[in-house]
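Colleague: Before anything else, here's the structure in question.
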Amino acid sequence: MEATKAEATRELRAGHNPIAVIVRNNEGIGGLGLPSLDQQTEGTSLRLESFGNPAGIEARRWETACDDTRWETVMIDAGPGSPQTGALLTRYRLNFELQPPRPGVWVPWRLRLNATGNGFLYLNGHPLGRYWQAGPQHDFFLPECWLNFGQGRTNLLALSLRPVDKGAAIQSAVVEPYSQFAEKR
């Protein structure tokens with residue numbers, strides 16, 4: 001395997017610099033590793049001080065124990081824009097219950113989400129994944145081990161969205177079975 005390191009510092013300019021890499025591999029599977037840019041600085045090093053975590057992380061707003069009694073209730077609809085105009089980050093918490101599973105039948109569950117903005121999802125305090133307004137993914141598998149089943153056993157989906165070109169708002173959020181993947185056991 002041959003690795004080549006190229007010096008491109010003199011070719012880079014302020015702004016966008018596309019870099020193309022051509023890989024030829026005649027020896028089986030393989031490819032590129034993670035790209036990195038070496039940066040050599042001049043002058044003295046400065047010590048950076050931390051100012052702590054953002055308020056949402058400090059308050060652990062994705063966890064079920066978070067007190068959301070003072071949060072504003074908003075309606076989910078197909079209208080554009082953000083209910084909190086100008087907010088840099090909008091947080092949503094959606095509660096739902098699931099019927100107890102039927103004996104001998106396994107049914108996986110999903111969240112079908114349509115929203116504007118980019119953000120991150122949590123299910124009952126567990127990180128579920130990223131949501132991108134422009135991305136193709138609108139269905140999110142809900143792992144059975146993180147779900148609560150039965151009357152009075154609430155599940156919590158927490159979503160934080162930052163606005164992009166259309167604001168940050170949920171148009172629809174549906175928790176439903178992946179019925180085509182159900183199994184009789």
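Every chain in the structure tokens takes a letter, A first, then B, and so on in the order presented; its residues are numbered from 1, and the ligands are numbered from 1 following the presented order.
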What's the 8 Å shell around A:Arg91, counting only C-alpha atoms, without same-chain residues fewer than 3 positions away, as a list in words?

Modeller: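 Result of the neighbour search: Ala158, Leu159, Ser160 and Leu161 of chain A.
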
Colleague: Can you list, as a compact mmCIF listing (two decimals) with C-alpha atoms, in the first residue's frame, every protein, DNA or RNA residue that comes within 12 Å of A:Pro103 when you count only C-alpha atoms, leaving out same-chain residues fewer than 5 positions away?

Modeller:
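Saved to out.txt:
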```txt
# COMPACT_ATOMS: atom_id res chain seq x y z
CA GLU A 183 -42.99 -11.24 13.19
CA LYS A 184 -45.12 -14.00 14.61
CA ARG A 185 -43.02 -15.83 17.19
```

Colleague: As a list in words, please: the residues near A:Leu98 (cut-off 10 Å, only C-alpha atoms, same-chain neighbours under 2 positions excluded).

Modeller: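 Answer for this query is Phe96, Pro100, Pro101, Trp109, Leu147, Asn148, Phe149, Gly150, Gln151, Gly152, Arg153, Thr154, Asn155, Val175 and Glu176 of chain A.
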
Colleague: Tell me, in Å to one decimal, how far atom CA of A:Arg112 is from atom CA of A:Val164.

Modeller: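 Calculated distance between atom CA of A:Arg112 and atom CA of A:Val164 is 20.2 Å.
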